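Engineer: mmCIF, C-alpha atoms and all ligand atoms; chains and numbers go by the auth columns, saved as query_24.cif, coming up:
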```cif
data_work
#
loop_
_atom_site.group_PDB
_atom_site.id
_atom_site.type_symbol
_atom_site.label_atom_id
_atom_site.label_comp_id
_atom_site.label_asym_id
_atom_site.label_seq_id
_atom_site.Cartn_x
_atom_site.Cartn_y
_atom_site.Cartn_z
_atom_site.B_iso_or_equiv
_atom_site.auth_seq_id
_atom_site.auth_asym_id
ATOM 1 C CA MET A 1 149.541 87.698 78.337 0.00 56 E
ATOM 2 C CA VAL A 2 146.529 86.828 76.174 0.00 57 E
ATOM 3 C CA ASN A 3 143.558 89.161 75.942 0.00 58 E
ATOM 4 C CA ILE A 4 140.640 87.620 74.084 0.00 59 E
ATOM 5 C CA ILE A 5 137.369 89.120 72.921 0.00 60 E
ATOM 6 C CA LEU A 6 134.747 86.386 72.787 0.00 61 E
ATOM 7 C CA PHE A 7 132.376 87.717 70.176 0.00 62 E
ATOM 8 C CA GLY A 8 129.022 86.724 68.718 0.00 63 E
ATOM 9 C CA ALA A 9 125.343 87.580 68.447 0.00 64 E
ATOM 10 C CA PRO A 10 123.030 87.379 71.474 0.00 65 E
ATOM 11 C CA GLY A 11 122.565 83.684 72.243 0.00 66 E
ATOM 12 C CA ALA A 12 125.788 82.610 70.527 0.00 67 E
ATOM 13 C CA GLY A 13 127.036 81.143 73.813 0.00 68 E
ATOM 14 C CA LYS A 14 129.582 83.783 74.832 0.00 69 E
ATOM 15 C CA GLY A 15 128.757 83.701 78.542 0.00 70 E
ATOM 16 C CA THR A 16 128.917 79.904 78.890 0.00 71 E
ATOM 17 C CA GLN A 17 132.098 79.547 76.866 0.00 72 E
ATOM 18 C CA ALA A 18 133.806 82.599 78.403 0.00 73 E
ATOM 19 C CA LEU A 19 133.491 81.007 81.856 0.00 74 E
ATOM 20 C CA LEU A 20 135.027 77.749 80.606 0.00 75 E
ATOM 21 C CA LEU A 21 137.892 79.550 78.849 0.00 76 E
ATOM 22 C CA ALA A 22 138.555 81.734 81.886 0.00 77 E
ATOM 23 C CA GLU A 23 138.873 78.665 84.074 0.00 78 E
ATOM 24 C CA LYS A 24 140.982 76.673 81.646 0.00 79 E
ATOM 25 C CA PHE A 25 143.506 79.418 80.828 0.00 80 E
ATOM 26 C CA GLU A 26 143.293 81.343 84.139 0.00 81 E
ATOM 27 C CA LEU A 27 141.969 84.467 82.482 0.00 82 E
ATOM 28 C CA THR A 28 139.922 87.170 84.183 0.00 83 E
ATOM 29 C CA HIS A 29 136.379 87.115 82.765 0.00 84 E
ATOM 30 C CA LEU A 30 134.785 90.523 82.199 0.00 85 E
ATOM 31 C CA SER A 31 131.144 90.518 81.066 0.00 86 E
ATOM 32 C CA THR A 32 129.425 93.881 80.666 0.00 87 E
ATOM 33 C CA GLY A 33 125.982 92.171 80.530 0.00 88 E
ATOM 34 C CA GLU A 34 126.689 90.544 83.896 0.00 89 E
ATOM 35 C CA MET A 35 127.981 93.823 85.387 0.00 90 E
ATOM 36 C CA LEU A 36 124.820 95.591 84.228 0.00 91 E
ATOM 37 C CA ARG A 37 122.547 92.865 85.626 0.00 92 E
ATOM 38 C CA ASN A 38 124.376 93.138 88.971 0.00 93 E
ATOM 39 C CA GLU A 39 123.717 96.887 88.957 0.00 94 E
ATOM 40 C CA ILE A 40 120.026 96.238 88.237 0.00 95 E
ATOM 41 C CA ASP A 41 119.801 93.657 91.039 0.00 96 E
ATOM 42 C CA SER A 42 121.455 96.031 93.504 0.00 97 E
ATOM 43 C CA GLY A 43 118.839 98.667 92.699 0.00 98 E
ATOM 44 C CA SER A 44 121.520 101.310 92.086 0.00 99 E
ATOM 45 C CA TRP A 45 120.739 104.492 90.175 0.00 100 E
ATOM 46 C CA LEU A 46 122.913 103.256 87.337 0.00 101 E
ATOM 47 C CA GLY A 47 121.014 99.948 87.303 0.00 102 E
ATOM 48 C CA GLN A 48 117.684 101.748 87.150 0.00 103 E
ATOM 49 C CA GLN A 49 118.867 103.764 84.150 0.00 104 E
ATOM 50 C CA ALA A 50 120.164 100.668 82.380 0.00 105 E
ATOM 51 C CA LYS A 51 117.143 98.465 83.044 0.00 106 E
ATOM 52 C CA SER A 52 114.659 100.035 80.648 0.00 107 E
ATOM 53 C CA ILE A 53 117.245 100.178 77.846 0.00 108 E
ATOM 54 C CA ILE A 54 118.197 96.506 78.288 0.00 109 E
ATOM 55 C CA THR A 55 114.547 95.439 78.503 0.00 110 E
ATOM 56 C CA ARG A 56 113.918 97.131 75.157 0.00 111 E
ATOM 57 C CA GLY A 57 116.842 95.202 73.632 0.00 112 E
ATOM 58 C CA GLU A 58 118.904 98.312 72.920 0.00 113 E
ATOM 59 C CA LEU A 59 122.493 99.134 73.873 0.00 114 E
ATOM 60 C CA VAL A 60 123.363 101.191 76.936 0.00 115 E
ATOM 61 C CA SER A 61 125.698 104.136 76.358 0.00 116 E
ATOM 62 C CA ASP A 62 129.277 103.590 75.229 0.00 117 E
ATOM 63 C CA GLU A 63 130.488 105.839 78.033 0.00 118 E
ATOM 64 C CA LEU A 64 128.863 103.719 80.729 0.00 119 E
ATOM 65 C CA VAL A 65 130.285 100.369 79.594 0.00 120 E
ATOM 66 C CA ILE A 66 133.712 101.846 78.797 0.00 121 E
ATOM 67 C CA ASP A 67 133.886 103.247 82.355 0.00 122 E
ATOM 68 C CA MET A 68 132.879 99.892 83.828 0.00 123 E
ATOM 69 C CA ILE A 69 135.490 98.007 81.790 0.00 124 E
ATOM 70 C CA GLY A 70 138.219 100.575 82.540 0.00 125 E
ATOM 71 C CA ASP A 71 137.450 100.250 86.219 0.00 126 E
ATOM 72 C CA GLN A 72 137.651 96.438 86.111 0.00 127 E
ATOM 73 C CA ILE A 73 140.940 96.429 84.193 0.00 128 E
ATOM 74 C CA THR A 74 142.446 98.726 86.836 0.00 129 E
ATOM 75 C CA ARG A 75 141.118 96.486 89.611 0.00 130 E
ATOM 76 C CA HIS A 76 142.954 93.444 88.232 0.00 131 E
ATOM 77 C CA PRO A 77 146.579 94.596 87.905 0.00 132 E
ATOM 78 C CA HIS A 78 147.883 91.053 88.297 0.00 133 E
ATOM 79 C CA ALA A 79 145.564 89.389 85.787 0.00 134 E
ATOM 80 C CA LYS A 80 147.255 86.854 83.514 0.00 135 E
ATOM 81 C CA GLY A 81 144.966 88.067 80.755 0.00 136 E
ATOM 82 C CA PHE A 82 141.377 89.048 80.163 0.00 137 E
ATOM 83 C CA ILE A 83 138.456 87.520 78.379 0.00 138 E
ATOM 84 C CA PHE A 84 135.995 90.177 77.246 0.00 139 E
ATOM 85 C CA ASP A 85 132.409 88.937 76.901 0.00 140 E
ATOM 86 C CA GLY A 86 129.753 91.251 75.430 0.00 141 E
ATOM 87 C CA PHE A 87 132.288 94.055 75.000 0.00 142 E
ATOM 88 C CA PRO A 88 133.155 95.817 72.719 0.00 143 E
ATOM 89 C CA ARG A 89 129.799 96.107 70.930 0.00 144 E
ATOM 90 C CA THR A 90 130.376 99.294 68.896 0.00 145 E
ATOM 91 C CA GLN A 91 133.255 100.842 66.933 0.00 146 E
ATOM 92 C CA VAL A 92 133.687 103.447 69.681 0.00 147 E
ATOM 93 C CA GLN A 93 133.970 100.741 72.331 0.00 148 E
ATOM 94 C CA ALA A 94 136.526 98.838 70.231 0.00 149 E
ATOM 95 C CA ARG A 95 138.766 101.895 69.882 0.00 150 E
ATOM 96 C CA GLU A 96 138.404 102.864 73.524 0.00 151 E
ATOM 97 C CA LEU A 97 139.279 99.325 74.614 0.00 152 E
ATOM 98 C CA ASP A 98 142.524 99.586 72.638 0.00 153 E
ATOM 99 C CA ARG A 99 143.263 102.892 74.328 0.00 154 E
ATOM 100 C CA LEU A 100 142.554 101.520 77.831 0.00 155 E
ATOM 101 C CA LEU A 101 144.823 98.533 77.184 0.00 156 E
ATOM 102 C CA GLN A 102 147.601 100.627 75.610 0.00 157 E
ATOM 103 C CA GLU A 103 147.711 102.798 78.737 0.00 158 E
ATOM 104 C CA LYS A 104 148.766 99.645 80.578 0.00 159 E
ATOM 105 C CA ASN A 105 151.066 98.330 77.850 0.00 160 E
ATOM 106 C CA MET A 106 148.634 95.635 76.884 0.00 161 E
ATOM 107 C CA GLN A 107 146.776 94.812 73.686 0.00 162 E
ATOM 108 C CA ILE A 108 144.052 92.588 72.283 0.00 163 E
ATOM 109 C CA THR A 109 145.437 89.247 71.135 0.00 164 E
ATOM 110 C CA ALA A 110 142.391 88.088 69.185 0.00 165 E
ATOM 111 C CA LEU A 111 138.689 88.418 68.601 0.00 166 E
ATOM 112 C CA ILE A 112 137.096 84.976 68.408 0.00 167 E
ATOM 113 C CA GLU A 113 133.626 84.905 66.908 0.00 168 E
ATOM 114 C CA LEU A 114 131.190 82.124 67.808 0.00 169 E
ATOM 115 C CA GLU A 115 129.299 81.661 64.552 0.00 170 E
ATOM 116 C CA VAL A 116 125.630 80.713 64.966 0.00 171 E
ATOM 117 C CA ASP A 117 122.771 81.254 62.489 0.00 172 E
ATOM 118 C CA THR A 118 119.795 83.483 63.300 0.00 173 E
ATOM 119 C CA ASN A 119 117.243 80.646 63.603 0.00 174 E
ATOM 120 C CA GLU A 120 119.360 78.838 66.157 0.00 175 E
ATOM 121 C CA LEU A 121 120.003 82.098 68.074 0.00 176 E
ATOM 122 C CA THR A 122 116.278 82.803 68.352 0.00 177 E
ATOM 123 C CA CYS A 123 115.532 79.266 69.580 0.00 178 E
ATOM 124 C CA ARG A 124 118.298 79.409 72.179 0.00 179 E
ATOM 125 C CA LEU A 125 117.203 82.806 73.522 0.00 180 E
ATOM 126 C CA LEU A 126 113.536 81.774 73.798 0.00 181 E
ATOM 127 C CA LYS A 127 114.590 78.641 75.656 0.00 182 E
ATOM 128 C CA ARG A 128 116.866 80.653 77.965 0.00 183 E
ATOM 129 C CA GLY A 129 113.975 83.042 78.619 0.00 184 E
ATOM 130 C CA GLU A 130 111.940 80.175 80.088 0.00 185 E
ATOM 131 C CA SER A 131 114.526 79.536 82.779 0.00 186 E
ATOM 132 C CA SER A 132 116.693 82.643 83.227 0.00 187 E
ATOM 133 C CA GLY A 133 114.024 85.165 84.113 0.00 188 E
ATOM 134 C CA ARG A 134 115.933 87.698 81.975 0.00 189 E
ATOM 135 C CA SER A 135 113.469 90.306 80.797 0.00 190 E
ATOM 136 C CA ASP A 136 115.317 90.653 77.489 0.00 191 E
ATOM 137 C CA ASP A 137 114.977 86.918 76.695 0.00 192 E
ATOM 138 C CA SER A 138 111.255 86.570 77.271 0.00 193 E
ATOM 139 C CA SER A 139 109.682 88.150 74.213 0.00 194 E
ATOM 140 C CA ILE A 140 110.232 87.344 70.559 0.00 195 E
ATOM 141 C CA GLU A 141 110.030 91.066 69.685 0.00 196 E
ATOM 142 C CA VAL A 142 112.865 91.957 72.072 0.00 197 E
ATOM 143 C CA ILE A 143 114.954 89.020 70.834 0.00 198 E
ATOM 144 C CA LYS A 144 114.475 90.155 67.233 0.00 199 E
ATOM 145 C CA LYS A 145 115.395 93.679 68.248 0.00 200 E
ATOM 146 C CA ARG A 146 118.631 92.506 69.889 0.00 201 E
ATOM 147 C CA ILE A 147 119.634 90.510 66.822 0.00 202 E
ATOM 148 C CA GLU A 148 118.852 93.550 64.648 0.00 203 E
ATOM 149 C CA VAL A 149 120.929 95.811 66.942 0.00 204 E
ATOM 150 C CA TYR A 150 123.753 93.276 66.729 0.00 205 E
ATOM 151 C CA ASN A 151 123.633 93.267 62.913 0.00 206 E
ATOM 152 C CA ARG A 152 123.386 97.055 62.682 0.00 207 E
ATOM 153 C CA GLN A 153 125.769 98.259 65.408 0.00 208 E
ATOM 154 C CA THR A 154 127.959 95.390 66.514 0.00 209 E
ATOM 155 C CA ALA A 155 128.805 92.969 63.681 0.00 210 E
ATOM 156 C CA SER A 156 130.871 95.545 61.786 0.00 211 E
ATOM 157 C CA ILE A 157 133.545 95.711 64.489 0.00 212 E
ATOM 158 C CA ILE A 158 134.807 92.404 63.082 0.00 213 E
ATOM 159 C CA GLY A 159 136.377 94.468 60.282 0.00 214 E
ATOM 160 C CA TYR A 160 138.351 96.517 62.778 0.00 215 E
ATOM 161 C CA TYR A 161 140.078 93.363 64.051 0.00 216 E
ATOM 162 C CA GLN A 162 140.275 91.700 60.634 0.00 217 E
ATOM 163 C CA THR A 163 142.497 94.493 59.307 0.00 218 E
ATOM 164 C CA GLN A 164 144.848 93.803 62.235 0.00 219 E
ATOM 165 C CA ASN A 165 144.802 90.031 61.499 0.00 220 E
ATOM 166 C CA LYS A 166 143.161 89.397 64.851 0.00 221 E
ATOM 167 C CA TYR A 167 139.881 87.847 63.695 0.00 222 E
ATOM 168 C CA PHE A 168 139.235 84.122 64.255 0.00 223 E
ATOM 169 C CA PRO A 169 135.802 82.584 63.575 0.00 224 E
ATOM 170 C CA VAL A 170 134.820 79.364 65.342 0.00 225 E
ATOM 171 C CA ASN A 171 131.766 77.194 64.624 0.00 226 E
ATOM 172 C CA GLY A 172 129.322 77.836 67.485 0.00 227 E
ATOM 173 C CA LEU A 173 126.993 74.911 66.713 0.00 228 E
ATOM 174 C CA GLY A 174 127.110 71.619 68.571 0.00 229 E
ATOM 175 C CA SER A 175 127.431 70.551 72.188 0.00 230 E
ATOM 176 C CA ILE A 176 128.920 72.858 74.830 0.00 231 E
ATOM 177 C CA LYS A 177 131.821 70.416 75.094 0.00 232 E
ATOM 178 C CA ASP A 178 132.504 70.319 71.342 0.00 233 E
ATOM 179 C CA ILE A 179 132.456 74.109 71.082 0.00 234 E
ATOM 180 C CA SER A 180 134.648 74.410 74.152 0.00 235 E
ATOM 181 C CA GLU A 181 137.230 72.077 72.591 0.00 236 E
ATOM 182 C CA ARG A 182 137.251 74.132 69.393 0.00 237 E
ATOM 183 C CA LEU A 183 137.827 77.300 71.408 0.00 238 E
ATOM 184 C CA ASN A 184 140.560 75.746 73.543 0.00 239 E
ATOM 185 C CA LYS A 185 142.391 74.667 70.408 0.00 240 E
ATOM 186 C CA GLN A 186 142.179 78.192 69.019 0.00 241 E
ATOM 187 C CA VAL A 187 143.363 79.858 72.235 0.00 242 E
ATOM 188 C CA ARG A 188 146.302 77.437 72.588 0.00 243 E
ATOM 189 C CA HIS A 189 147.705 78.957 69.380 0.00 244 E
ATOM 190 C CA PHE A 190 148.015 82.311 71.143 0.00 245 E
ATOM 191 C CA LEU A 191 149.954 81.048 74.147 0.00 246 E
ATOM 192 C CA PRO A 192 153.677 81.719 74.230 0.00 247 E
HETATM 193 P P1 LIG B . 123.489 88.777 75.149 0.00 301 L
HETATM 194 O O1 LIG B . 124.739 88.922 74.361 0.00 301 L
HETATM 195 O O2 LIG B . 123.119 87.375 75.437 0.00 301 L
HETATM 196 O O3 LIG B . 122.340 89.560 74.575 0.00 301 L
HETATM 197 P P2 LIG B . 124.633 90.338 77.396 0.00 301 L
HETATM 198 O O4 LIG B . 124.516 89.793 78.767 0.00 301 L
HETATM 199 O O5 LIG B . 125.986 90.426 76.803 0.00 301 L
HETATM 200 O O6 LIG B . 123.653 89.441 76.543 0.00 301 L
HETATM 201 O O7 LIG B . 123.972 91.791 77.329 0.00 301 L
HETATM 202 C C1 LIG B . 122.645 92.045 77.746 0.00 301 L
HETATM 203 C C2 LIG B . 122.269 93.492 77.434 0.00 301 L
HETATM 204 O O8 LIG B . 123.109 94.391 78.200 0.00 301 L
HETATM 205 C C3 LIG B . 122.467 93.934 75.979 0.00 301 L
HETATM 206 O O9 LIG B . 121.362 93.604 75.159 0.00 301 L
HETATM 207 C C4 LIG B . 122.645 95.448 76.152 0.00 301 L
HETATM 208 O O10 LIG B . 121.415 96.106 76.363 0.00 301 L
HETATM 209 C C5 LIG B . 123.444 95.549 77.443 0.00 301 L
HETATM 210 N N1 LIG B . 124.908 95.549 77.168 0.00 301 L
HETATM 211 C C6 LIG B . 125.794 94.578 77.516 0.00 301 L
HETATM 212 N N2 LIG B . 127.031 94.867 77.082 0.00 301 L
HETATM 213 C C7 LIG B . 126.941 96.057 76.433 0.00 301 L
HETATM 214 C C8 LIG B . 127.865 96.885 75.735 0.00 301 L
HETATM 215 N N3 LIG B . 129.163 96.541 75.616 0.00 301 L
HETATM 216 N N4 LIG B . 127.416 98.046 75.187 0.00 301 L
HETATM 217 C C9 LIG B . 126.126 98.409 75.304 0.00 301 L
HETATM 218 N N5 LIG B . 125.185 97.676 75.933 0.00 301 L
HETATM 219 C C10 LIG B . 125.575 96.508 76.497 0.00 301 L
#
```
Starting from the coordinates I provided, produce the structure as structure tokens.
Ligand code: ADP
Structural biologist:
Amino acid sequence: MVNIILFGAPGAGKGTQALLLAEKFELTHLSTGEMLRNEIDSGSWLGQQAKSIITRGELVSDELVIDMIGDQITRHPHAKGFIFDGFPRTQVQARELDRLLQEKNMQITALIELEVDTNELTCRLLKRGESSGRSDDSSIEVIKKRIEVYNRQTASIIGYYQTQNKYFPVNGLGSIKDISERLNKQVRHFLP
């Protein structure tokens, strides 16, 4: 079983590449951003709570996303492996993910970071905002805030995986196909 965290700043291409990896290696794709947007679209109470936080570019509570991920892991008992996209985003989430997996005799195989510089991230997010209708992609202030939140709260979890020799950076610049090939090559190393 391979359990991969696809990691990177907002706009690094996690969502696009996670879908391609999931298909290629038959992994179950779990995206907390997507789960939260589904809650918002459904108009649920939880979605209403999350919406204003996401629109400001901040992180929703650890407890909420940990519960959502725990629930999804339990719902896929026959998964060949998972690809985590947008989770974990804090030290607490990283530790709790380990605990959730350990309960089921599983563990993280690797954290793969898509490396993209800040200028490119900002351009990509502004472009996505024109077509996606995502409220958190449409203003430069919110984009800057998300990148700042990433640098302040999220980037440091790399260290947690580095000390376990589970950190693998991949160049996130280039065409979707080129990046996908780089990722496939990396993931193939983890297969039995
Ligand atoms: P991106 O990485 O492109 O910014 P995501 O779809 O992963 O987008 O997340 C969108 C928003 O949803 C985040 O800015 C944050 O507000 C919220 N969110 C998603 N995942 C998490 C998480 N693991 N912890 C806290 N908030 C999250």
Engineer: Mind checking which residues fall within 8 Å of Thr110 in chain E, counting all atoms listed in the file, ignoring those fewer than 4 positions away in the same chain, and posting them as an NGL selection string?
Structural biologist: :E and (106 or 190-191 or 197)
Engineer: What residues of the protein or nucleic acid chains come within 9 Å of ligand LIG 301 (chain L) when you use all atoms listed in the file? Reply as a ChimeraX atom specification.
Structural biologist: /E:62-70,86-92,105-121,124,140-145,148,180,191-192,198,201-202,204-205
Engineer: For the residues in the current selection, export C-alpha atoms as a compact mmCIF listing (two decimals), in the coordinates of the input.
Structural biologist:
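As a result, out.txt now contains:
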```
# COMPACT_ATOMS: atom_id res chain seq x y z
CA PHE E 62 132.38 87.72 70.18
CA GLY E 63 129.02 86.72 68.72
CA ALA E 64 125.34 87.58 68.45
CA PRO E 65 123.03 87.38 71.47
CA GLY E 66 122.56 83.68 72.24
CA ALA E 67 125.79 82.61 70.53
CA GLY E 68 127.04 81.14 73.81
CA LYS E 69 129.58 83.78 74.83
CA GLY E 70 128.76 83.70 78.54
CA SER E 86 131.14 90.52 81.07
CA THR E 87 129.43 93.88 80.67
CA GLY E 88 125.98 92.17 80.53
CA GLU E 89 126.69 90.54 83.90
CA MET E 90 127.98 93.82 85.39
CA LEU E 91 124.82 95.59 84.23
CA ARG E 92 122.55 92.86 85.63
CA ALA E 105 120.16 100.67 82.38
CA LYS E 106 117.14 98.46 83.04
CA SER E 107 114.66 100.04 80.65
CA ILE E 108 117.24 100.18 77.85
CA ILE E 109 118.20 96.51 78.29
CA THR E 110 114.55 95.44 78.50
CA ARG E 111 113.92 97.13 75.16
CA GLY E 112 116.84 95.20 73.63
CA GLU E 113 118.90 98.31 72.92
CA LEU E 114 122.49 99.13 73.87
CA VAL E 115 123.36 101.19 76.94
CA SER E 116 125.70 104.14 76.36
CA ASP E 117 129.28 103.59 75.23
CA GLU E 118 130.49 105.84 78.03
CA LEU E 119 128.86 103.72 80.73
CA VAL E 120 130.28 100.37 79.59
CA ILE E 121 133.71 101.85 78.80
CA ILE E 124 135.49 98.01 81.79
CA ASP E 140 132.41 88.94 76.90
CA GLY E 141 129.75 91.25 75.43
CA PHE E 142 132.29 94.06 75.00
CA PRO E 143 133.16 95.82 72.72
CA ARG E 144 129.80 96.11 70.93
CA THR E 145 130.38 99.29 68.90
CA GLN E 148 133.97 100.74 72.33
CA LEU E 180 117.20 82.81 73.52
CA ASP E 191 115.32 90.65 77.49
CA ASP E 192 114.98 86.92 76.69
CA ILE E 198 114.95 89.02 70.83
CA ARG E 201 118.63 92.51 69.89
CA ILE E 202 119.63 90.51 66.82
CA VAL E 204 120.93 95.81 66.94
CA TYR E 205 123.75 93.28 66.73
```
Engineer: Please compute the CA of His84 in chain E-CA of Gln127 in chain E distance, one decimal, in Å.
Structural biologist: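 Computing it gives 10.0 Å between the two atoms.
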Engineer: Which is closer to Leu169 in chain E than all the others in E:Glu78, E:Val57, E:Lys232, E:Leu238, using all atoms listed in the file?
Structural biologist: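 The closest residue to Leu169 in chain E is E:Leu238.
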Engineer: Residues picked by the PyMOL selection byres (((chain E and resi 133) around 12) and not hetatm) here, as a PyMOL selection string?
Structural biologist: chain E and resi 56+81-83+127-132+134-137+159
